[in-house]
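Structure first, commentary second.
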Amino acid sequence: MDMSRFNSLVELLAYFKDEGACRRVIVQSRWGDDVICPYCGGHHCKVGYKGRFVCPYCKNKFSCTVGTIFENTKVSLRKWFTAMYLISSHKKGISSNQLARDIRVTQKTAWYMLHKIRTLFCQEEMVLDGDIELDEVYIGGREYLKHKSKKVAGTQGRSTKTKTPVFGLMQRGKTSRVMACVIPNTSRSTVLPIVAHICKPGSHLYTDEASTYFPLSTMGYDHKVVNHKVSQYVSGRVYTNTIEGFWGHMKRMIMGIYHKVSVTHLQAYVDESVWRWNHRNISESSRFKIMFTRSLHRVTYGMIAA
C-alpha cells in the first residue's frame with residue numbers, strides 16, 4: 001500500500017472505503033502472505049469464519065487486530081484511522097468532544113481512542129549534541145484567575161505547589177529536535193542526570209540563570225548562560241528562544257484545545273507535542289504511515305489509566 005497518497009482526509013477515506021479494506025491493509029502490513037499465529041507463532045494460518053484466522057497448530061482463532069491498539073474494539077477501523085489522521089494533521093491536536101462529533105461516537109469513547117493513539121507518540125531514545133538549549137516550564141492553574149478562597153500563597157516563579165514542571169532539551173539545527181519529560185522537581189539531583197544521559201559530552205549547552213544548571217561546566221559541557229533577570233534574552237549564540245518557542249506551541253495546544261490536563265496524563269500530552277514538533281516538516285501521509293506502523297502493538301485500558 002502506497003500511503004504517500006493520503007495527503008487529505010478525503011483521500012484517506014476513499015482508500016479505506018470499508019472495513020474489509022482496513023483489515024486487508026493490517027494483514028498485509030503485519031504478515032504479508034504468511035499469517036503468523038500471535039499465540040504460538042505457527043505459520044500459514046488459514047482464513048476461517050467471518051474473516052478470522054485459524055492456527056493449524058494450536059487451533060486458536062484470532063482476528064487481524066489481535067496484538068494491536070485496535071484489539072477488541074467495537075469502533076470501526078475507518079473511525080480509528082480517521083482519528084489517527086486528525087490528531088496528527090491538526091497543528092494543535094483535536095479534543096475528545098470534537099472527535100466525538102466528527103466520527104459519531106460518545107465523548108468517553110473518543111477520549112479513550114485519543115489516549116490510545118497518544119501511546120503512538122512515545123518519545124524515542126535520542127542522543128543530542130552540538131548546540132542544545134535547556135529549559136523548564138510549569139504547567140498548572142494561574143493563581144490570579146482563581147477564586148480568593150482557592151488561591152494558594154507562595155506559588156510565584158518556580159514553585160511546584162500547584163504546578164507541574166516539565167523539563168525540555170532542544171537541539172538546534174535546520175531540523176531542530178526536542179525531548180521533554182515531566183519531572184517531580186527542578187533540583188540538580190533530578191535535572192542533571194537527565195542531561196548527562198541525553199546530551200553528548202562536549203556539547204554546547206545554553207540555559208537561563210537558574211542555579212540548577214551551574215554544575216554543567218564541571219560535567220564536560222561548554223555551558224553558557226543568558227540572564228533573563230536583567231532582561232537579557234540574546235547574547236550572540238547564547239539564548240533559549242528556540243525551546244521557549246516550543247513551550248509556546250505546547251501551551252497553545254493545552255489551553256486552546258484541551259483547556260485542562262491532569263497530572264496523571266500530562267506526559268502523554270507532552271509526548272504528543274514533542275512528536276508534532278519533531279515531525280513538523282514531513283507530509284500528513286508520512287505522519288499517518290509512522291502512526292499506522294506503530295499502531296500494530298497492543299495497548300490496554302490499564303496502561304492508559306495507570
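By order in the C-alpha cells, chains are A, B, ...; within a chain, residues start at 1; ligands start at 1, following the order shown.
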
May I have the residues within 7 Å of Val238 in chain A as a ChimeraX atom specification, using only C-alpha atoms and disregarding those fewer than 2 positions away in the same chain?
-> /A:206,224-226,234-236

Residues within 10 Å of range 71-88 of chain A, only C-alpha atoms, excluding chain neighbours under 3 positions, as a PyMOL selection string | chain A and resi 6-10+12-13+16-23+63-68+91-96+99-100+102-105+109-110+113-114+116-118+120-121+272+275-276+279-280+284-285+287-289+291-292+295-300

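Take the candidates A:Ile36, A:Lys61, A:Trp111, A:Cys181 and check each one against Gly48 in chain A using only C-alpha atoms; the shortest distance goes to A:Lys61.
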
Spatial neighbours of Thr212 in chain A, 7 Å, only C-alpha atoms, chain gap at least 2 places, as a list in words | Ser187, Arg188, Ala210 and Phe214 of chain A

Please write the residues from the selection above to a file, keeping N, CA and C atoms, as a PDB file, in the first residue's frame.
ATOM      1  N   SER A 187      15.278  20.264  40.903  1.00  0.00           N
ATOM      2  CA  SER A 187      16.530  20.232  41.657  1.00  0.00           C
ATOM      3  C   SER A 187      17.650  19.651  40.794  1.00  0.00           C
ATOM      4  N   ARG A 188      18.877  19.877  41.202  1.00  0.00           N
ATOM      5  CA  ARG A 188      20.022  19.366  40.459  1.00  0.00           C
ATOM      6  C   ARG A 188      20.016  17.842  40.395  1.00  0.00           C
ATOM      7  N   ALA A 210      19.150  29.970  36.107  1.00  0.00           N
ATOM      8  CA  ALA A 210      18.764  29.107  37.225  1.00  0.00           C
ATOM      9  C   ALA A 210      19.987  28.384  37.783  1.00  0.00           C
ATOM     10  N   PHE A 214      24.232  25.314  37.139  1.00  0.00           N
ATOM     11  CA  PHE A 214      25.601  25.768  37.389  1.00  0.00           C
ATOM     12  C   PHE A 214      26.653  24.658  37.263  1.00  0.00           C
TER      13      PHE A 214
END

Polymer residues at most 9 Å from Cys199 in chain A, only C-alpha atoms, same-chain spacing of 6 or more positions, as a ChimeraX atom specification | /A:126-130,132,169,205,221

Any chance you could export the current selection's N, CA and C atoms as a PDB file, in the first residue's frame?
ATOM      1  N   MET A 126      17.103   9.249  22.155  1.00  0.00           N
ATOM      2  CA  MET A 126      17.959  10.051  21.295  1.00  0.00           C
ATOM      3  C   MET A 126      19.166  10.541  22.082  1.00  0.00           C
ATOM      4  N   VAL A 127      20.252  10.791  21.373  1.00  0.00           N
ATOM      5  CA  VAL A 127      21.421  11.451  21.939  1.00  0.00           C
ATOM      6  C   VAL A 127      21.577  12.780  21.219  1.00  0.00           C
ATOM      7  N   LEU A 128      21.532  13.873  21.967  1.00  0.00           N
ATOM      8  CA  LEU A 128      21.630  15.202  21.389  1.00  0.00           C
ATOM      9  C   LEU A 128      23.066  15.708  21.492  1.00  0.00           C
ATOM     10  N   ASP A 129      23.498  16.442  20.476  1.00  0.00           N
ATOM     11  CA  ASP A 129      24.826  17.036  20.527  1.00  0.00           C
ATOM     12  C   ASP A 129      24.819  18.377  19.797  1.00  0.00           C
ATOM     13  N   GLY A 130      25.979  19.035  19.768  1.00  0.00           N
ATOM     14  CA  GLY A 130      26.051  20.351  19.138  1.00  0.00           C
ATOM     15  C   GLY A 130      25.547  21.427  20.067  1.00  0.00           C
ATOM     16  N   ILE A 132      22.673  22.936  22.211  1.00  0.00           N
ATOM     17  CA  ILE A 132      21.480  22.420  22.874  1.00  0.00           C
ATOM     18  C   ILE A 132      20.976  23.442  23.885  1.00  0.00           C
ATOM     19  N   LEU A 169      14.802  19.655  26.356  1.00  0.00           N
ATOM     20  CA  LEU A 169      16.116  19.813  25.736  1.00  0.00           C
ATOM     21  C   LEU A 169      15.904  19.975  24.234  1.00  0.00           C
ATOM     22  N   LEU A 205      25.881  23.863  25.747  1.00  0.00           N
ATOM     23  CA  LEU A 205      24.590  23.947  26.420  1.00  0.00           C
ATOM     24  C   LEU A 205      24.279  25.403  26.762  1.00  0.00           C
ATOM     25  N   TYR A 221      30.717  19.850  29.703  1.00  0.00           N
ATOM     26  CA  TYR A 221      29.950  20.601  28.716  1.00  0.00           C
ATOM     27  C   TYR A 221      30.439  22.049  28.644  1.00  0.00           C
TER      28      TYR A 221
END

Within range 10-223 of chain A, find each residue whose DSSP state, derived from the backbone, is helix (DSSP H, G or I), and express the selection as an MDAnalysis selection string.
-> chainID A and resid 10:15 19:30 49:51 77:89 96:103 107:121 143:145 148:150 188:198 211:219

Quick one, how far is CA of Val274 in chain A from CA of Met179 in chain A?
->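 CA of Met179 in chain A lies at a distance of 6.5 Å from CA of Val274 in chain A.
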
Which residue, A:Lys148, A:Gly202, A:Val137, A:Lys108, has the smallest gap to Ile183 in chain A when you use only C-alpha atoms?
-> A:Val137

Which residues come within 8 Å of Asn227 in chain A, counting only C-alpha atoms, excluding same-chain residues fewer than 4 positions away, as a list in words?
->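 My reading of the contact set: Asp208, Glu209, Ser231, Gln232 and Tyr233 of chain A.
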
Any chance you could export the current selection's N, CA and C atoms as a compact mmCIF listing (two decimals), in the first residue's frame?
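Saved result, result33.txt, follows:
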# COMPACT_ATOMS: atom_id res chain seq x y z
N ASP A 208 19.11 29.42 31.08
CA ASP A 208 18.92 30.69 31.76
C ASP A 208 19.77 30.70 33.03
N GLU A 209 19.51 31.65 33.91
CA GLU A 209 20.38 31.85 35.07
C GLU A 209 20.04 30.95 36.25
N SER A 231 16.80 41.22 31.92
CA SER A 231 16.22 41.43 30.58
C SER A 231 17.20 41.13 29.46
N GLN A 232 18.07 40.17 29.68
CA GLN A 232 18.98 39.72 28.62
C GLN A 232 18.40 38.44 28.01
N TYR A 233 18.10 38.48 26.74
CA TYR A 233 17.47 37.34 26.09
C TYR A 233 18.32 36.74 24.97
